[in-house]
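Colleague: First the structure, which I've put down as structure tokens, then a few questions once you've had a look.
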Amino acid sequence: MHPLQCALQVQRSLGWGPLASVSWLSLRMCRAHSSLSSTMYPSPERQEDGARKDFSSRLAAGPTFQHFLKSASAPQEKLCSEVEDPPPYLTLDELLGRQRKVYLETYGCQMNVNDTEIAWSILQKSGYLRTSNLQEADVILLVTCSIREKAEQTIWNRLHQLKSLKTRRPCSRVPLKIGILGCMAERLKEEILNREKMVDILAGPDAYRDLPQLLAVAESGQQAANVLLSLDETYADVMPVQTSPSATSAFVSIMRGCDNMCSYCIVPFTRGRERSRPVASILEEVKKLSEQVLQLIHERDNICKQIHLPAQSGSSRVLEAMWRGYSREAYVELVHHIRESIPGVSLSSDFIAGFCGETEEDHVQTVSLLREVQYNMGFLFAYSMRQKTRAYHRLKDDVPEEVKLRRLEELITVFREEATKANQTSVGCTQLVLVEGLSKRSATDLCGRNDGNLKVIFPDAEMEDVNNPGLRVRAQPGDYVLVKITSASSQTLRGHVLCRTTLRDSSAYC
């Protein structure tokens, strides 16, 4: 039996549609054929005697059941540096993008946004460039949705619009390639290829790793497709790359597929069985996003340089009893990293005095953390047992109330000492302040917040307007003013106002 026939028998037994197997074979079978090319078929007179041996050797060289199932074993994380060998019918050079420009359009849900970021991450590593100009594109990829008929009709309409772009392509440029990615590719499969001959590649939600190979096959003038669903693909080792530089939010995907099988929903059939990403890969992606947030806070003047970092205790033993998920050492390391990333950042925190089982030594460690970090703001309370919490059911509220209050007073005293020291470093500096309104304690003073979210008090007096020289104004809520700091306490800064300004103009004075 020829390997292709064997493969098709396997796919029929698994209930796959014909295109699913054949399209996958178009990328995978050549390895089997290259292995078989050196195998001589037996002569007619020896065919019967050698049939069993010949079948065994060809079966061993051909695709296994696991090839088609794409591994039914437990998910294995791939190393980010792992690079697969190119299939035997493609060279490594053919897999490279050679700086061809890719235009991506996303339709549908947040998962499709995430899929777009995954696809772009894979193509970027293969040497493709991104363009937001449709006319510049060498490759146009539509990440599609099949949740409703209208969603699919939108794609059909878009393909009709792109058809003229492809036919009018100058001969001096490389041929334009158009691809359908995601749920619609998975659901309609050959219908897309047969109905729209202009479509060059199809890639289902679990086939984005094959995009460089699919595009390489399409370069030869053939249509290429991979719409196999996987039991374990989560793209755990692929770090999504945001496709919109102006995006104000980011999505972290923690699972793919769905097992619910709601009677009205196509998702289980277009995205496959439910499977979760390994926790380590989720944490790595969140860590990267956190790094981007820190960098953004550092770079942008319109973002307050203040981070609330609840510690609750300075004792690793108490933190473990609280189920906080970190140690004192890890917390302090994070503080150092934040201060290196955002010089001058203001830190605030929460602390609990007298948690279940807290000893004097634990308390001393919390006091030392307050002195070590030197917070600008703090929220400190004595522990109060709450019903239904884990502590209520598992721990004993064994610290006497008078001990809790004493420890709380000690924490407050130390916090105020250290916060005063931290805030006094601003004395003599000119700071940009966002005016909030009148001070609660004085009708002649105004109150506002500086870049570190610290409260700043200054007299409600006339001042110069930087944008209107010679004009004297009084600050209003929402105005930016420059204030020279003259004194500081643990809670507030005080100073005298210099002028009204704008966020853009303030950098010349601060």
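Ligands are numbered from 1 in the order shown, residues from 1 within each chain, and chains are lettered A, B, ... in the order they appear in the structure tokens.
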Go through range 235-445 of chain A and collect every residue that DSSP, computed from the backbone, puts in helix (DSSP H, G or I); the answer should be as an NGL selection string.

Modeller: :A and (267-271 or 279-299 or 316-321 or 328-341 or 360-373 or 390-394 or 401-424)

Colleague: Mind dumping the selected residues with C-alpha atoms as a short mmCIF file (atom, residue, chain, number, x, y, z; two decimals), in the first residue's frame?

Modeller:
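Listing of result.cif after writing:
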data_model
loop_
_atom_site.label_atom_id
_atom_site.label_comp_id
_atom_site.auth_asym_id
_atom_site.auth_seq_id
_atom_site.Cartn_x
_atom_site.Cartn_y
_atom_site.Cartn_z
CA VAL A 267 -16.31 27.03 18.61
CA PRO A 268 -15.52 23.41 19.67
CA PHE A 269 -15.44 22.46 15.97
CA THR A 270 -13.25 25.37 14.86
CA ARG A 271 -10.90 25.56 17.84
CA VAL A 279 1.46 28.01 34.09
CA ALA A 280 5.11 28.89 33.50
CA SER A 281 4.40 30.28 30.03
CA ILE A 282 1.47 32.35 31.31
CA LEU A 283 3.61 33.85 34.06
CA GLU A 284 6.40 34.60 31.58
CA GLU A 285 4.00 36.50 29.32
CA VAL A 286 2.52 38.43 32.25
CA LYS A 287 6.05 39.26 33.41
CA LYS A 288 6.88 40.65 29.99
CA LEU A 289 3.73 42.78 30.01
CA SER A 290 4.64 44.03 33.49
CA GLU A 291 8.06 45.04 32.20
CA GLN A 292 6.39 46.97 29.40
CA VAL A 293 4.15 48.74 31.91
CA LEU A 294 7.17 49.77 34.00
CA GLN A 295 8.93 51.07 30.90
CA LEU A 296 5.82 52.99 29.88
CA ILE A 297 5.49 54.60 33.31
CA HIS A 298 9.13 55.67 33.10
CA GLU A 299 8.80 57.13 29.59
CA SER A 316 8.42 35.12 55.11
CA ARG A 317 6.89 32.76 57.67
CA VAL A 318 3.85 34.99 58.14
CA LEU A 319 3.56 35.60 54.39
CA GLU A 320 3.37 31.84 53.90
CA ALA A 321 0.62 31.59 56.54
CA ARG A 328 10.32 38.73 51.86
CA GLU A 329 13.39 38.26 49.67
CA ALA A 330 11.33 38.10 46.47
CA TYR A 331 9.39 41.20 47.50
CA VAL A 332 12.55 43.22 48.21
CA GLU A 333 14.01 42.10 44.87
CA LEU A 334 10.88 43.38 43.13
CA VAL A 335 11.16 46.73 44.93
CA HIS A 336 14.76 47.12 43.73
CA HIS A 337 13.76 46.25 40.18
CA ILE A 338 10.93 48.79 40.14
CA ARG A 339 13.20 51.54 41.46
CA GLU A 340 15.84 50.72 38.85
CA SER A 341 13.20 50.80 36.11
CA GLU A 360 7.78 39.29 68.15
CA GLU A 361 10.51 38.22 65.74
CA ASP A 362 8.03 38.33 62.86
CA HIS A 363 7.00 41.81 63.97
CA VAL A 364 10.63 42.96 64.10
CA GLN A 365 11.10 41.75 60.52
CA THR A 366 8.11 43.84 59.41
CA VAL A 367 9.59 46.89 61.15
CA SER A 368 12.90 46.29 59.35
CA LEU A 369 11.12 46.03 55.97
CA LEU A 370 9.52 49.43 56.57
CA ARG A 371 12.95 50.91 57.24
CA GLU A 372 14.57 49.14 54.30
CA VAL A 373 12.03 50.10 51.65
CA ARG A 390 -9.26 30.43 55.28
CA ALA A 391 -7.70 31.92 58.42
CA TYR A 392 -11.07 31.66 60.17
CA HIS A 393 -11.33 27.93 59.40
CA ARG A 394 -7.67 26.90 59.62
CA GLU A 401 -5.67 42.69 71.10
CA GLU A 402 -3.36 44.87 73.20
CA VAL A 403 -0.32 43.31 71.50
CA LYS A 404 -1.85 43.96 68.08
CA LEU A 405 -2.38 47.62 68.95
CA ARG A 406 1.12 48.03 70.33
CA ARG A 407 2.68 46.51 67.24
CA LEU A 408 0.46 48.65 65.03
CA GLU A 409 1.62 51.82 66.82
CA GLU A 410 5.23 50.78 66.36
CA LEU A 411 4.68 50.17 62.64
CA ILE A 412 2.95 53.54 62.23
CA THR A 413 5.77 55.33 64.06
CA VAL A 414 8.46 53.72 61.90
CA PHE A 415 6.49 54.31 58.72
CA ARG A 416 6.11 58.03 59.49
CA GLU A 417 9.81 58.39 60.28
CA GLU A 418 10.88 56.76 57.04
CA ALA A 419 8.20 58.45 54.90
CA THR A 420 9.29 61.83 56.24
CA LYS A 421 12.89 61.06 55.26
CA ALA A 422 11.78 59.97 51.80
CA ASN A 423 9.55 63.00 51.27
CA GLN A 424 12.17 65.47 52.50
#

Colleague: Write out as a ChimeraX atom specification which residues come within 7 Å of Glu152 in chain A when counting only C-alpha atoms, dropping same-chain ones fewer than 5 positions away.

Modeller: /A:145-146,184

Colleague: Considering only strand (DSSP E or B) as DSSP defines it on the backbone, what residues of range 133-220 of chain A qualify? List them as a PyMOL selection string.

Modeller: chain A and resi 139-144+177-182+201-203

Colleague: Can you pull out every residue within 7 Å of Ala218 in chain A, counting only C-alpha atoms, but drop anything in the same chain fewer than 5 positions away, and send it as a PDB file with N, CA, C and O atoms, in the first residue's frame?

Modeller:
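And here's part_2.pdb as it stands now:
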ATOM      1  N   ASP A 200      -4.397  31.807  -1.326  1.00  0.00           N
ATOM      2  CA  ASP A 200      -3.193  30.993  -1.495  1.00  0.00           C
ATOM      3  C   ASP A 200      -2.949  30.039  -0.337  1.00  0.00           C
ATOM      4  O   ASP A 200      -2.425  28.947  -0.535  1.00  0.00           O
ATOM      5  N   ILE A 201      -3.294  30.461   0.895  1.00  0.00           N
ATOM      6  CA  ILE A 201      -3.036  29.594   2.037  1.00  0.00           C
ATOM      7  C   ILE A 201      -4.222  29.587   2.995  1.00  0.00           C
ATOM      8  O   ILE A 201      -4.957  30.564   3.106  1.00  0.00           O
ATOM      9  N   GLN A 223      -1.598  26.233  -3.973  1.00  0.00           N
ATOM     10  CA  GLN A 223      -2.341  26.541  -2.770  1.00  0.00           C
ATOM     11  C   GLN A 223      -1.854  25.622  -1.656  1.00  0.00           C
ATOM     12  O   GLN A 223      -1.546  24.456  -1.885  1.00  0.00           O
ATOM     13  N   ALA A 224      -1.749  26.147  -0.450  1.00  0.00           N
ATOM     14  CA  ALA A 224      -1.237  25.371   0.675  1.00  0.00           C
ATOM     15  C   ALA A 224      -2.189  25.510   1.851  1.00  0.00           C
ATOM     16  O   ALA A 224      -2.752  26.576   2.077  1.00  0.00           O
TER      17      ALA A 224
END
